[in-house]
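Here is the file upload.cif (mmCIF, C-alpha atoms).
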data_protein
loop_
_atom_site.label_atom_id
_atom_site.label_comp_id
_atom_site.auth_asym_id
_atom_site.auth_seq_id
_atom_site.Cartn_x
_atom_site.Cartn_y
_atom_site.Cartn_z
CA MET A 1 62.81 143.15 254.11
CA ARG A 2 63.18 145.39 251.10
CA LYS A 3 63.79 144.34 247.54
CA GLY A 4 67.07 145.51 246.09
CA PHE A 5 68.21 146.02 242.57
CA ARG A 6 68.40 143.59 239.68
CA PHE A 7 71.58 143.33 237.69
CA LEU A 8 73.29 141.16 235.14
CA ALA A 9 76.31 139.30 236.47
CA ALA A 10 79.36 137.83 234.83
CA LEU A 11 82.18 137.94 237.37
CA LEU A 12 85.73 136.64 237.04
CA ALA A 13 86.23 133.63 239.35
CA ILE A 14 85.40 129.95 239.39
CA LEU A 15 83.35 128.69 242.31
CA LEU A 16 81.02 125.82 241.63
CA VAL A 17 77.59 124.70 242.71
CA VAL A 18 77.11 120.94 242.20
CA PRO A 19 73.61 119.88 241.16
CA ALA A 20 71.62 117.70 243.51
CA ALA A 21 71.98 113.97 242.99
CA GLY A 22 69.43 112.72 240.51
CA ALA A 23 68.84 116.17 238.98
CA ALA A 24 67.11 116.03 235.61
CA PRO A 25 69.30 116.44 232.51
CA LEU A 26 69.24 119.80 230.76
CA GLU A 27 67.75 118.20 227.66
CA GLN A 28 65.20 115.45 227.16
CA GLY A 29 65.70 112.96 224.38
CA GLU A 30 68.80 112.57 222.23
CA PRO A 31 69.95 115.68 220.36
CA VAL A 32 72.68 113.48 218.85
CA SER A 33 71.78 110.31 216.96
CA LEU A 34 73.12 107.37 218.99
CA THR A 35 73.12 103.63 218.38
CA THR A 36 74.81 102.89 221.70
CA PRO A 37 72.42 101.34 224.26
CA SER A 38 73.48 103.60 227.13
CA ALA A 39 75.09 107.05 227.22
CA VAL A 40 75.60 110.25 229.22
CA LEU A 41 77.03 113.64 228.28
CA ALA A 42 77.95 115.80 231.30
CA GLU A 43 79.98 118.84 232.29
CA VAL A 44 82.74 117.63 234.59
CA SER A 45 83.30 120.39 237.14
CA THR A 46 79.64 120.75 238.11
CA GLY A 47 78.49 117.23 237.23
CA THR A 48 75.59 118.70 235.23
CA VAL A 49 74.10 116.14 232.83
CA ILE A 50 73.34 117.63 229.43
CA PHE A 51 71.52 114.59 228.05
CA GLU A 52 71.37 110.87 228.70
CA LYS A 53 70.13 107.59 227.26
CA ASN A 54 69.27 104.63 229.50
CA ALA A 55 71.67 106.12 232.02
CA ASP A 56 70.63 103.80 234.86
CA GLU A 57 70.75 100.55 232.93
CA LYS A 58 73.12 98.15 234.72
CA ARG A 59 75.90 96.92 232.48
CA GLN A 60 79.38 95.47 232.54
CA VAL A 61 81.93 98.03 231.39
CA ALA A 62 85.15 95.99 231.19
CA SER A 63 88.31 98.07 231.78
CA ILE A 64 86.41 101.26 232.58
CA THR A 65 86.35 99.57 235.99
CA LYS A 66 90.00 100.65 236.28
CA LEU A 67 88.85 104.25 236.73
CA MET A 68 87.90 103.33 240.30
CA THR A 69 91.21 101.48 240.71
CA ALA A 70 93.05 104.60 239.55
CA LEU A 71 90.96 106.88 241.76
CA LEU A 72 91.82 105.00 244.95
CA LEU A 73 95.51 104.94 244.07
CA LEU A 74 95.55 108.66 243.25
CA GLU A 75 93.79 109.45 246.52
CA ASP A 76 96.27 107.31 248.47
CA LEU A 77 99.15 109.08 246.72
CA GLU A 78 97.79 112.47 247.71
CA ASN A 79 97.26 111.27 251.28
CA GLY A 80 100.83 109.98 251.47
CA ASP A 81 99.79 106.36 252.06
CA ILE A 82 101.79 105.24 249.02
CA ALA A 83 104.46 106.94 246.89
CA LEU A 84 105.35 106.95 243.21
CA ASN A 85 108.79 105.58 243.98
CA ASP A 86 107.48 102.60 245.97
CA GLN A 87 109.06 99.40 244.71
CA ILE A 88 106.47 96.70 243.94
CA THR A 89 107.26 93.01 243.55
CA VAL A 90 104.88 91.50 241.01
CA SER A 91 103.17 88.35 242.29
CA LYS A 92 102.57 85.25 240.19
CA ASN A 93 98.86 86.01 240.49
CA ALA A 94 99.29 89.48 238.99
CA ALA A 95 101.66 88.35 236.23
CA ALA A 96 99.17 85.65 235.18
CA ALA A 97 96.32 88.13 234.60
CA LYS A 98 94.35 87.61 231.40
CA GLY A 99 93.38 90.22 228.86
CA SER A 100 95.41 93.35 228.15
CA GLN A 101 98.82 93.25 229.82
CA ALA A 102 102.09 95.07 230.28
CA LEU A 103 103.74 91.60 230.23
CA LEU A 104 105.17 92.02 233.73
CA ASP A 105 107.67 89.46 235.01
CA ALA A 106 106.57 87.53 238.10
CA GLY A 107 108.95 88.23 240.96
CA ALA A 108 110.40 91.33 239.29
CA VAL A 109 110.36 94.69 241.04
CA TYR A 110 108.82 97.77 239.37
CA PRO A 111 108.32 101.37 240.54
CA LEU A 112 104.72 102.13 241.47
CA GLU A 113 104.63 104.99 238.94
CA THR A 114 105.53 102.61 236.10
CA LEU A 115 102.64 100.30 237.00
CA LEU A 116 100.24 103.22 237.47
CA GLN A 117 100.99 104.54 233.99
CA ALA A 118 100.58 101.07 232.48
CA THR A 119 97.20 100.76 234.21
CA ILE A 120 95.83 104.16 233.23
CA MET A 121 97.31 104.51 229.75
CA ALA A 122 97.52 100.96 228.41
CA SER A 123 94.81 99.31 230.57
CA ALA A 124 97.24 96.64 231.81
CA ASN A 125 95.44 94.09 233.98
CA ASP A 126 98.65 92.67 235.44
CA ALA A 127 99.76 96.15 236.53
CA ALA A 128 96.35 96.91 238.08
CA ILE A 129 96.37 93.72 240.16
CA ALA A 130 99.96 94.31 241.29
CA LEU A 131 98.99 97.81 242.44
CA ALA A 132 95.89 96.55 244.25
CA GLU A 133 97.88 93.88 246.09
CA HIS A 134 100.52 96.43 247.11
CA ASP A 135 97.98 98.99 248.25
CA ALA A 136 95.54 96.77 250.18
CA GLY A 137 97.34 93.47 250.72
CA SER A 138 95.16 91.58 248.24
CA GLU A 139 92.90 92.28 245.29
CA GLU A 140 89.91 91.18 247.42
CA ASN A 141 90.68 93.81 250.08
CA PHE A 142 91.14 96.44 247.40
CA VAL A 143 87.78 95.56 245.82
CA ASP A 144 86.12 96.09 249.22
CA ARG A 145 87.56 99.60 249.19
CA MET A 146 86.32 100.13 245.63
CA ASN A 147 82.76 99.29 246.63
CA ALA A 148 82.93 101.46 249.74
CA ARG A 149 84.18 104.43 247.68
CA ALA A 150 81.41 103.87 245.13
CA GLN A 151 78.82 104.21 247.88
CA GLU A 152 80.47 107.42 249.11
CA LEU A 153 80.14 108.82 245.59
CA ASN A 154 76.44 107.82 245.50
CA MET A 155 77.14 105.27 242.76
CA THR A 156 74.19 103.22 243.96
CA ASN A 157 73.95 101.03 240.86
CA THR A 158 77.56 99.88 240.90
CA ARG A 159 79.19 96.74 242.28
CA TYR A 160 82.79 95.69 241.77
CA VAL A 161 84.09 92.11 241.95
CA ASN A 162 87.62 92.71 240.66
CA CYS A 163 89.91 95.67 240.03
CA THR A 164 90.37 95.12 236.30
CA GLY A 165 86.91 94.76 234.76
CA LEU A 166 87.59 91.23 233.53
CA PRO A 167 84.26 89.39 233.08
CA GLN A 168 82.92 88.09 236.37
CA ASP A 169 79.41 87.46 237.66
CA GLY A 170 77.95 90.18 239.86
CA GLN A 171 80.02 93.07 238.50
CA TYR A 172 78.09 95.97 236.99
CA THR A 173 77.68 99.73 236.82
CA THR A 174 75.73 102.33 234.80
CA ALA A 175 76.48 105.20 232.46
CA ARG A 176 75.38 107.65 235.16
CA ASP A 177 77.72 106.10 237.72
CA VAL A 178 80.60 106.04 235.23
CA ALA A 179 80.05 109.74 234.56
CA ALA A 180 80.07 110.48 238.30
CA LEU A 181 83.25 108.44 238.75
CA SER A 182 84.89 110.20 235.81
CA CYS A 183 84.09 113.59 237.35
CA GLU A 184 85.73 112.49 240.61
CA VAL A 185 88.85 111.18 238.86
CA SER A 186 89.14 114.52 237.07
CA LYS A 187 89.83 116.25 240.40
CA HIS A 188 93.23 114.55 240.44
CA HIS A 189 95.35 116.33 237.83
CA GLU A 190 98.10 113.71 238.13
CA TYR A 191 95.75 111.38 236.25
CA TYR A 192 96.05 113.37 233.01
CA LYS A 193 99.83 113.08 233.12
CA TYR A 194 99.40 109.41 232.23
CA ALA A 195 96.03 109.32 230.44
CA SER A 196 97.08 111.88 227.82
CA VAL A 197 100.14 109.91 226.61
CA TRP A 198 99.59 108.21 223.25
CA ILE A 199 102.64 105.91 222.94
CA ASP A 200 105.35 104.99 225.43
CA THR A 201 107.56 102.06 226.43
CA LEU A 202 107.93 100.08 229.64
CA LYS A 203 111.43 98.84 230.43
CA HIS A 204 111.46 95.69 232.54
CA PRO A 205 114.15 95.00 235.17
CA SER A 206 115.51 92.27 232.88
CA GLY A 207 116.11 94.87 230.16
CA ARG A 208 113.22 93.66 228.03
CA VAL A 209 111.00 96.47 226.62
CA THR A 210 107.22 96.46 226.12
CA ASP A 211 105.57 99.01 223.84
CA LEU A 212 102.52 100.72 225.39
CA THR A 213 99.77 102.32 223.32
CA ASN A 214 96.86 104.29 224.72
CA THR A 215 93.60 102.42 224.21
CA ASN A 216 91.67 105.70 223.86
CA ARG A 217 92.06 106.78 220.22
CA LEU A 218 90.45 110.15 220.89
CA VAL A 219 93.55 111.17 222.84
CA ARG A 220 95.29 111.32 219.47
CA PHE A 221 92.46 112.17 217.12
CA TYR A 222 90.19 114.59 219.04
CA GLU A 223 91.42 118.06 219.97
CA GLY A 224 91.49 118.60 223.73
CA CYS A 225 90.91 114.93 224.65
CA ASP A 226 93.22 113.73 227.45
CA GLY A 227 91.32 110.81 229.12
CA PHE A 228 89.43 108.85 230.53
CA LYS A 229 89.14 105.11 229.74
CA THR A 230 88.08 102.44 227.26
CA GLY A 231 86.79 98.95 227.91
CA SER A 232 85.80 95.92 225.86
CA THR A 233 84.84 92.30 226.50
CA ASP A 234 82.30 89.96 224.92
CA ALA A 235 79.88 90.73 227.77
CA ALA A 236 80.43 94.49 227.92
CA LYS A 237 80.96 94.95 224.17
CA TYR A 238 82.72 98.27 223.46
CA CYS A 239 82.68 101.03 226.06
CA LEU A 240 84.24 104.45 226.47
CA SER A 241 84.36 107.33 228.91
CA ALA A 242 86.04 110.20 227.04
CA THR A 243 86.83 113.70 228.25
CA ALA A 244 88.00 116.85 226.53
CA GLU A 245 88.47 120.47 227.54
CA LYS A 246 87.80 123.49 225.34
CA ASN A 247 87.11 127.16 226.09
CA GLY A 248 87.50 126.61 229.84
CA MET A 249 84.89 123.85 229.94
CA ARG A 250 85.49 120.11 230.39
CA LEU A 251 82.95 117.55 229.21
CA VAL A 252 82.71 113.78 229.59
CA ALA A 253 80.94 111.51 227.12
CA VAL A 254 80.09 108.01 228.35
CA VAL A 255 79.20 105.40 225.73
CA LEU A 256 78.46 101.83 226.85
CA GLY A 257 77.75 98.62 224.95
CA THR A 258 78.34 99.56 221.32
CA PRO A 259 78.68 96.53 218.99
CA LYS A 260 81.73 97.91 217.15
CA SER A 261 84.92 99.46 218.50
CA GLN A 262 84.94 102.48 216.18
CA THR A 263 81.31 103.27 216.96
CA ARG A 264 82.10 104.18 220.56
CA PHE A 265 84.71 106.71 219.39
CA ASP A 266 82.47 108.13 216.65
CA GLU A 267 79.48 108.58 218.95
CA ALA A 268 81.54 109.99 221.84
CA ARG A 269 83.07 112.46 219.40
CA ALA A 270 79.61 113.51 218.19
CA MET A 271 78.44 113.97 221.79
CA LEU A 272 81.45 116.11 222.68
CA ASP A 273 81.06 118.18 219.52
CA TYR A 274 77.44 118.87 220.39
CA GLY A 275 78.25 119.85 223.95
CA PHE A 276 81.03 122.27 223.03
CA ALA A 277 78.97 123.84 220.24
CA THR A 278 75.83 124.29 222.33
CA TYR A 279 76.89 125.06 225.92
CA ARG A 280 79.16 127.29 227.94
CA ARG A 281 80.05 127.22 231.61
CA VAL A 282 79.22 130.74 232.76
CA ILE A 283 80.75 132.27 235.87
CA ILE A 284 77.87 134.09 237.54
CA ALA A 285 79.21 135.11 240.94
CA ARG A 286 82.16 134.69 243.25
CA GLU A 287 82.37 134.51 247.00
CA GLY A 288 83.27 137.80 248.64
CA ASP A 289 82.30 140.11 245.78
CA LEU A 290 80.81 143.36 247.08
CA LEU A 291 77.19 143.97 246.12
CA GLY A 292 77.40 147.76 246.22
CA GLN A 293 74.71 147.99 248.90
CA GLN A 294 74.85 148.78 252.59
CA VAL A 295 72.64 147.95 255.55
CA ASN A 296 72.05 150.39 258.39
CA VAL A 297 73.56 149.39 261.74
CA THR A 298 72.11 150.40 265.11
CA ARG A 299 74.24 150.68 268.25
CA GLY A 300 77.41 150.06 266.26
CA SER A 301 80.81 151.70 265.92
CA ARG A 302 79.75 152.62 262.38
CA ASP A 303 76.36 153.42 260.92
CA THR A 304 76.37 150.98 257.98
CA VAL A 305 77.86 147.66 256.94
CA ASP A 306 78.84 146.70 253.40
CA THR A 307 77.32 143.57 251.88
CA ALA A 308 79.01 140.81 249.88
CA LEU A 309 78.21 137.45 248.34
CA GLY A 310 78.60 134.60 250.79
CA SER A 311 79.11 131.97 248.09
CA GLY A 312 79.94 131.70 244.41
CA LEU A 313 78.14 130.17 241.47
CA SER A 314 78.79 128.96 237.96
CA MET A 315 76.24 127.31 235.70
CA LEU A 316 76.09 125.43 232.44
CA LEU A 317 74.05 127.47 229.97
CA ARG A 318 73.21 127.26 226.30
CA VAL A 319 75.21 129.66 224.13
CA GLY A 320 73.70 133.14 224.46
CA GLN A 321 71.52 132.20 227.43
CA GLU A 322 73.70 134.24 229.82
CA LYS A 323 71.93 137.34 228.52
CA GLN A 324 68.83 136.16 230.38
CA LEU A 325 70.60 136.13 233.76
CA ALA A 326 69.68 138.58 236.49
CA MET A 327 69.99 138.90 240.26
CA GLU A 328 67.69 140.20 242.98
CA VAL A 329 69.02 141.18 246.40
CA GLU A 330 66.89 141.19 249.56
CA LEU A 331 68.31 142.95 252.63
CA PRO A 332 66.88 144.10 255.98
CA GLU A 333 66.36 147.79 256.68
CA SER A 334 68.79 147.60 259.61
CA VAL A 335 70.73 145.21 261.85
CA GLN A 336 72.07 145.56 265.37
CA ALA A 337 75.74 145.48 266.35
CA PRO A 338 77.92 143.58 267.00
CA ILE A 339 78.31 142.08 263.53
CA LEU A 340 81.10 139.78 262.37
CA LYS A 341 82.43 139.57 258.84
CA GLY A 342 80.56 136.74 257.11
CA ASP A 343 77.42 137.00 259.23
CA PRO A 344 74.32 136.39 257.06
CA LEU A 345 72.33 139.50 256.23
CA GLY A 346 70.05 138.55 253.37
CA THR A 347 69.57 136.61 250.16
CA VAL A 348 70.57 136.96 246.53
CA ARG A 349 68.28 135.25 244.05
CA VAL A 350 69.70 134.27 240.67
CA LEU A 351 67.11 134.36 237.88
CA LEU A 352 67.25 132.89 234.41
CA ASP A 353 64.60 134.22 232.06
CA GLY A 354 62.67 135.43 235.10
CA LYS A 355 62.76 132.10 236.97
CA VAL A 356 64.75 131.58 240.17
CA VAL A 357 67.47 128.99 239.50
CA ALA A 358 69.70 129.53 242.57
CA ARG A 359 69.84 131.34 245.89
CA LEU A 360 73.06 132.72 247.35
CA SER A 361 73.69 134.13 250.80
CA CYS A 362 74.36 137.83 251.32
CA VAL A 363 76.80 138.48 254.20
CA ALA A 364 78.53 141.26 256.08
CA ALA A 365 81.70 142.37 254.34
CA GLN A 366 83.39 143.58 257.56
CA ASP A 367 83.11 143.52 261.34
CA VAL A 368 81.03 146.18 263.07
CA ARG A 369 81.69 146.22 266.79
CA MET A 370 79.77 148.00 269.51
CA PRO A 371 81.28 151.39 270.37
CA GLY A 372 83.44 151.88 273.46
CA PHE A 373 82.32 154.21 276.27
CA LEU A 374 83.94 157.40 274.96
CA GLU A 375 82.99 156.61 271.37
CA GLY A 376 79.43 155.90 272.41
CA PHE A 377 79.23 159.06 274.49
CA THR A 378 80.52 161.09 271.54
CA LYS A 379 77.90 159.54 269.24
CA ILE A 380 75.19 160.45 271.75
CA LEU A 381 76.44 164.03 271.88
CA ASP A 382 76.61 164.21 268.09
CA GLY A 383 73.08 162.89 267.86
CA TRP A 384 71.92 165.42 270.45
#

Take the structure in the file and write it out as structure tokens.
Amino acid sequence: MRKGFRFLAALLAILLVVPAAGAAPLEQGEPVSLTTPSAVLAEVSTGTVIFEKNADEKRQVASITKLMTALLLLEDLENGDIALNDQITVSKNAAAAKGSQALLDAGAVYPLETLLQATIMASANDAAIALAEHDAGSEENFVDRMNARAQELNMTNTRYVNCTGLPQDGQYTTARDVAALSCEVSKHHEYYKYASVWIDTLKHPSGRVTDLTNTNRLVRFYEGCDGFKTGSTDAAKYCLSATAEKNGMRLVAVVLGTPKSQTRFDEARAMLDYGFATYRRVIIAREGDLLGQQVNVTRGSRDTVDTALGSGLSMLLRVGQEKQLAMEVELPESVQAPILKGDPLGTVRVLLDGKVVARLSCVAAQDVRMPGFLEGFTKILDGW
């Protein structure tokens, strides 16, 4: 193997490397003064945690539970298992839900999209239960799916008992798991269509109208905020998972268990401000980009093969830290034909301030076949 060149990289595509589960946060301690008992600030597309506070402390989170309810419904919509124009008859059980409501009429029929918006935007418990019953036959069946999906997302400290977040023994999650769930919900852009609305109305089949107001004040009062979810009960106190996007980077701030409603918004705002002021998501490499190096080929229809990146990479870096990025390429002296495009040839090491932070594959940029008889004979003659 021979060592290739080092070069700074800042290429123009977005391909992500997700950190390993349980990776340490970028910062230790709390760079922002927090009174909340449990918190996480993370970058959404990579899941990178910037800083955390008691992130694995099990807590009730009230209506933030509905993020999992929304996720399952959005996934089923994308899979075609349900449709926005499905007509849902509201059961007496759903209409009798306690807590925040859309004041649905028992026995009335509503479009699925109307109930989905009421659930996501206005945190309506009656709408959430009606959707769960429609989707899985009963709220109990739907909750089984919620727990199964949580395990798939490695939310190991989460257990759901209902689809609304209403107080119930045995229901809990953590700030870390809420952040992971929020990142997964963010993959479904339909979610923001409803979560970003501040005020709307719901017209009932009877002609009665209910005013809906978004429970997340930051949607109105923080630039770039368009989700995720609030929650509050006596047991959970005041909770918030808030997201905003600025300069091509989306962050999520999770704040759980604050004693006052306004505190969750103030501290989430401070966390987001810190993240946007301090970090940038830097595009380092993209899959398929040519490296500008070739490898010699023996017994092939051509003498060399071009090399390219086999995968892409973006990272969350402190402002100005991208100047410390470099790459090292390691390639063999030669390879033997036949070679297929995408075949591994070597390794590209990504360094930050001289330390290896990632390894990418280096692959063949084109096919190199073995020569045919006449072509091979000609090459032998040329060589002779």

Discussion item. To test your reading of the syntax: which residues would the PyMOL selection byres ((chain A and resi 306-319) around 9) return for the file shown? Reply as JSON, numbers by chain.
Written reply: {"A": [13, 14, 15, 16, 17, 43, 46, 48, 50, 277, 278, 279, 280, 281, 282, 283, 284, 285, 286, 287, 288, 289, 290, 291, 292, 293, 294, 295, 304, 305, 320, 321, 322, 342, 343, 344, 345, 346, 347, 348, 358, 360, 361, 362, 363, 364, 365, 366]}

Could you tell me, as a PDB file with C-alpha atoms, keeping the file's coordinate frame, exactly which residues end up selected when the PyMOL selection byres ((chain A and resi 67) around 12) is applied to this structure?
ATOM      1  CA  VAL A  61      81.930  98.030 231.390  1.00  0.00           C
ATOM      2  CA  ALA A  62      85.150  95.990 231.190  1.00  0.00           C
ATOM      3  CA  SER A  63      88.310  98.070 231.780  1.00  0.00           C
ATOM      4  CA  ILE A  64      86.410 101.260 232.580  1.00  0.00           C
ATOM      5  CA  THR A  65      86.350  99.570 235.990  1.00  0.00           C
ATOM      6  CA  LYS A  66      90.000 100.650 236.280  1.00  0.00           C
ATOM      7  CA  MET A  68      87.900 103.330 240.300  1.00  0.00           C
ATOM      8  CA  THR A  69      91.210 101.480 240.710  1.00  0.00           C
ATOM      9  CA  ALA A  70      93.050 104.600 239.550  1.00  0.00           C
ATOM     10  CA  LEU A  71      90.960 106.880 241.760  1.00  0.00           C
ATOM     11  CA  LEU A  72      91.820 105.000 244.950  1.00  0.00           C
ATOM     12  CA  LEU A  73      95.510 104.940 244.070  1.00  0.00           C
ATOM     13  CA  LEU A  74      95.550 108.660 243.250  1.00  0.00           C
ATOM     14  CA  LEU A 116     100.240 103.220 237.470  1.00  0.00           C
ATOM     15  CA  THR A 119      97.200 100.760 234.210  1.00  0.00           C
ATOM     16  CA  ILE A 120      95.830 104.160 233.230  1.00  0.00           C
ATOM     17  CA  MET A 121      97.310 104.510 229.750  1.00  0.00           C
ATOM     18  CA  SER A 123      94.810  99.310 230.570  1.00  0.00           C
ATOM     19  CA  ALA A 128      96.350  96.910 238.080  1.00  0.00           C
ATOM     20  CA  MET A 146      86.320 100.130 245.630  1.00  0.00           C
ATOM     21  CA  ARG A 149      84.180 104.430 247.680  1.00  0.00           C
ATOM     22  CA  ALA A 150      81.410 103.870 245.130  1.00  0.00           C
ATOM     23  CA  TYR A 160      82.790  95.690 241.770  1.00  0.00           C
ATOM     24  CA  CYS A 163      89.910  95.670 240.030  1.00  0.00           C
ATOM     25  CA  THR A 164      90.370  95.120 236.300  1.00  0.00           C
ATOM     26  CA  GLY A 165      86.910  94.760 234.760  1.00  0.00           C
ATOM     27  CA  ASP A 177      77.720 106.100 237.720  1.00  0.00           C
ATOM     28  CA  VAL A 178      80.600 106.040 235.230  1.00  0.00           C
ATOM     29  CA  ALA A 179      80.050 109.740 234.560  1.00  0.00           C
ATOM     30  CA  ALA A 180      80.070 110.480 238.300  1.00  0.00           C
ATOM     31  CA  LEU A 181      83.250 108.440 238.750  1.00  0.00           C
ATOM     32  CA  SER A 182      84.890 110.200 235.810  1.00  0.00           C
ATOM     33  CA  CYS A 183      84.090 113.590 237.350  1.00  0.00           C
ATOM     34  CA  GLU A 184      85.730 112.490 240.610  1.00  0.00           C
ATOM     35  CA  VAL A 185      88.850 111.180 238.860  1.00  0.00           C
ATOM     36  CA  SER A 186      89.140 114.520 237.070  1.00  0.00           C
ATOM     37  CA  HIS A 188      93.230 114.550 240.440  1.00  0.00           C
ATOM     38  CA  TYR A 191      95.750 111.380 236.250  1.00  0.00           C
ATOM     39  CA  ALA A 195      96.030 109.320 230.440  1.00  0.00           C
ATOM     40  CA  GLY A 227      91.320 110.810 229.120  1.00  0.00           C
ATOM     41  CA  PHE A 228      89.430 108.850 230.530  1.00  0.00           C
ATOM     42  CA  LYS A 229      89.140 105.110 229.740  1.00  0.00           C
ATOM     43  CA  THR A 230      88.080 102.440 227.260  1.00  0.00           C
ATOM     44  CA  GLY A 231      86.790  98.950 227.910  1.00  0.00           C
ATOM     45  CA  LEU A 240      84.240 104.450 226.470  1.00  0.00           C
ATOM     46  CA  SER A 241      84.360 107.330 228.910  1.00  0.00           C
ATOM     47  CA  ALA A 242      86.040 110.200 227.040  1.00  0.00           C
TER      48      ALA A 242
END

Output check: residues returned by the PyMOL selection byres ((chain A and resi 272-275) around 12), as a PDB file with C-alpha atoms, in the frame of the given file:
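File written: expr34.pdb
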ATOM      1  CA  LEU A  26      69.240 119.800 230.760  1.00  0.00           C
ATOM      2  CA  GLU A  27      67.750 118.200 227.660  1.00  0.00           C
ATOM      3  CA  GLU A  30      68.800 112.570 222.230  1.00  0.00           C
ATOM      4  CA  PRO A  31      69.950 115.680 220.360  1.00  0.00           C
ATOM      5  CA  VAL A  32      72.680 113.480 218.850  1.00  0.00           C
ATOM      6  CA  SER A  33      71.780 110.310 216.960  1.00  0.00           C
ATOM      7  CA  ALA A  39      75.090 107.050 227.220  1.00  0.00           C
ATOM      8  CA  VAL A  40      75.600 110.250 229.220  1.00  0.00           C
ATOM      9  CA  LEU A  41      77.030 113.640 228.280  1.00  0.00           C
ATOM     10  CA  ALA A  42      77.950 115.800 231.300  1.00  0.00           C
ATOM     11  CA  GLU A  43      79.980 118.840 232.290  1.00  0.00           C
ATOM     12  CA  VAL A  44      82.740 117.630 234.590  1.00  0.00           C
ATOM     13  CA  THR A  48      75.590 118.700 235.230  1.00  0.00           C
ATOM     14  CA  VAL A  49      74.100 116.140 232.830  1.00  0.00           C
ATOM     15  CA  ILE A  50      73.340 117.630 229.430  1.00  0.00           C
ATOM     16  CA  PHE A  51      71.520 114.590 228.050  1.00  0.00           C
ATOM     17  CA  LEU A 218      90.450 110.150 220.890  1.00  0.00           C
ATOM     18  CA  TYR A 222      90.190 114.590 219.040  1.00  0.00           C
ATOM     19  CA  GLU A 223      91.420 118.060 219.970  1.00  0.00           C
ATOM     20  CA  GLY A 224      91.490 118.600 223.730  1.00  0.00           C
ATOM     21  CA  CYS A 225      90.910 114.930 224.650  1.00  0.00           C
ATOM     22  CA  SER A 241      84.360 107.330 228.910  1.00  0.00           C
ATOM     23  CA  ALA A 242      86.040 110.200 227.040  1.00  0.00           C
ATOM     24  CA  THR A 243      86.830 113.700 228.250  1.00  0.00           C
ATOM     25  CA  ALA A 244      88.000 116.850 226.530  1.00  0.00           C
ATOM     26  CA  GLU A 245      88.470 120.470 227.540  1.00  0.00           C
ATOM     27  CA  LYS A 246      87.800 123.490 225.340  1.00  0.00           C
ATOM     28  CA  ASN A 247      87.110 127.160 226.090  1.00  0.00           C
ATOM     29  CA  MET A 249      84.890 123.850 229.940  1.00  0.00           C
ATOM     30  CA  ARG A 250      85.490 120.110 230.390  1.00  0.00           C
ATOM     31  CA  LEU A 251      82.950 117.550 229.210  1.00  0.00           C
ATOM     32  CA  VAL A 252      82.710 113.780 229.590  1.00  0.00           C
ATOM     33  CA  ALA A 253      80.940 111.510 227.120  1.00  0.00           C
ATOM     34  CA  VAL A 254      80.090 108.010 228.350  1.00  0.00           C
ATOM     35  CA  VAL A 255      79.200 105.400 225.730  1.00  0.00           C
ATOM     36  CA  PHE A 265      84.710 106.710 219.390  1.00  0.00           C
ATOM     37  CA  ASP A 266      82.470 108.130 216.650  1.00  0.00           C
ATOM     38  CA  GLU A 267      79.480 108.580 218.950  1.00  0.00           C
ATOM     39  CA  ALA A 268      81.540 109.990 221.840  1.00  0.00           C
ATOM     40  CA  ARG A 269      83.070 112.460 219.400  1.00  0.00           C
ATOM     41  CA  ALA A 270      79.610 113.510 218.190  1.00  0.00           C
ATOM     42  CA  MET A 271      78.440 113.970 221.790  1.00  0.00           C
ATOM     43  CA  PHE A 276      81.030 122.270 223.030  1.00  0.00           C
ATOM     44  CA  ALA A 277      78.970 123.840 220.240  1.00  0.00           C
ATOM     45  CA  THR A 278      75.830 124.290 222.330  1.00  0.00           C
ATOM     46  CA  TYR A 279      76.890 125.060 225.920  1.00  0.00           C
ATOM     47  CA  ARG A 280      79.160 127.290 227.940  1.00  0.00           C
ATOM     48  CA  ARG A 281      80.050 127.220 231.610  1.00  0.00           C
ATOM     49  CA  LEU A 316      76.090 125.430 232.440  1.00  0.00           C
ATOM     50  CA  LEU A 317      74.050 127.470 229.970  1.00  0.00           C
ATOM     51  CA  ARG A 318      73.210 127.260 226.300  1.00  0.00           C
ATOM     52  CA  VAL A 319      75.210 129.660 224.130  1.00  0.00           C
TER      53      VAL A 319
END

Discussion item. Applying 12 Å and all atoms listed in the file, which residues near Thr233 of chain A remain after dropping the ones on its own chain fewer than 6 positions away? List them as number ranges by chain.
Written reply: A: 59-64, 98-100, 164-168, 239, 256-261

Worksheet entry | Two-atom distance - atom CA of Leu84 of chain A, atom CA of Val161 of chain A (Å) | 26.0 Å
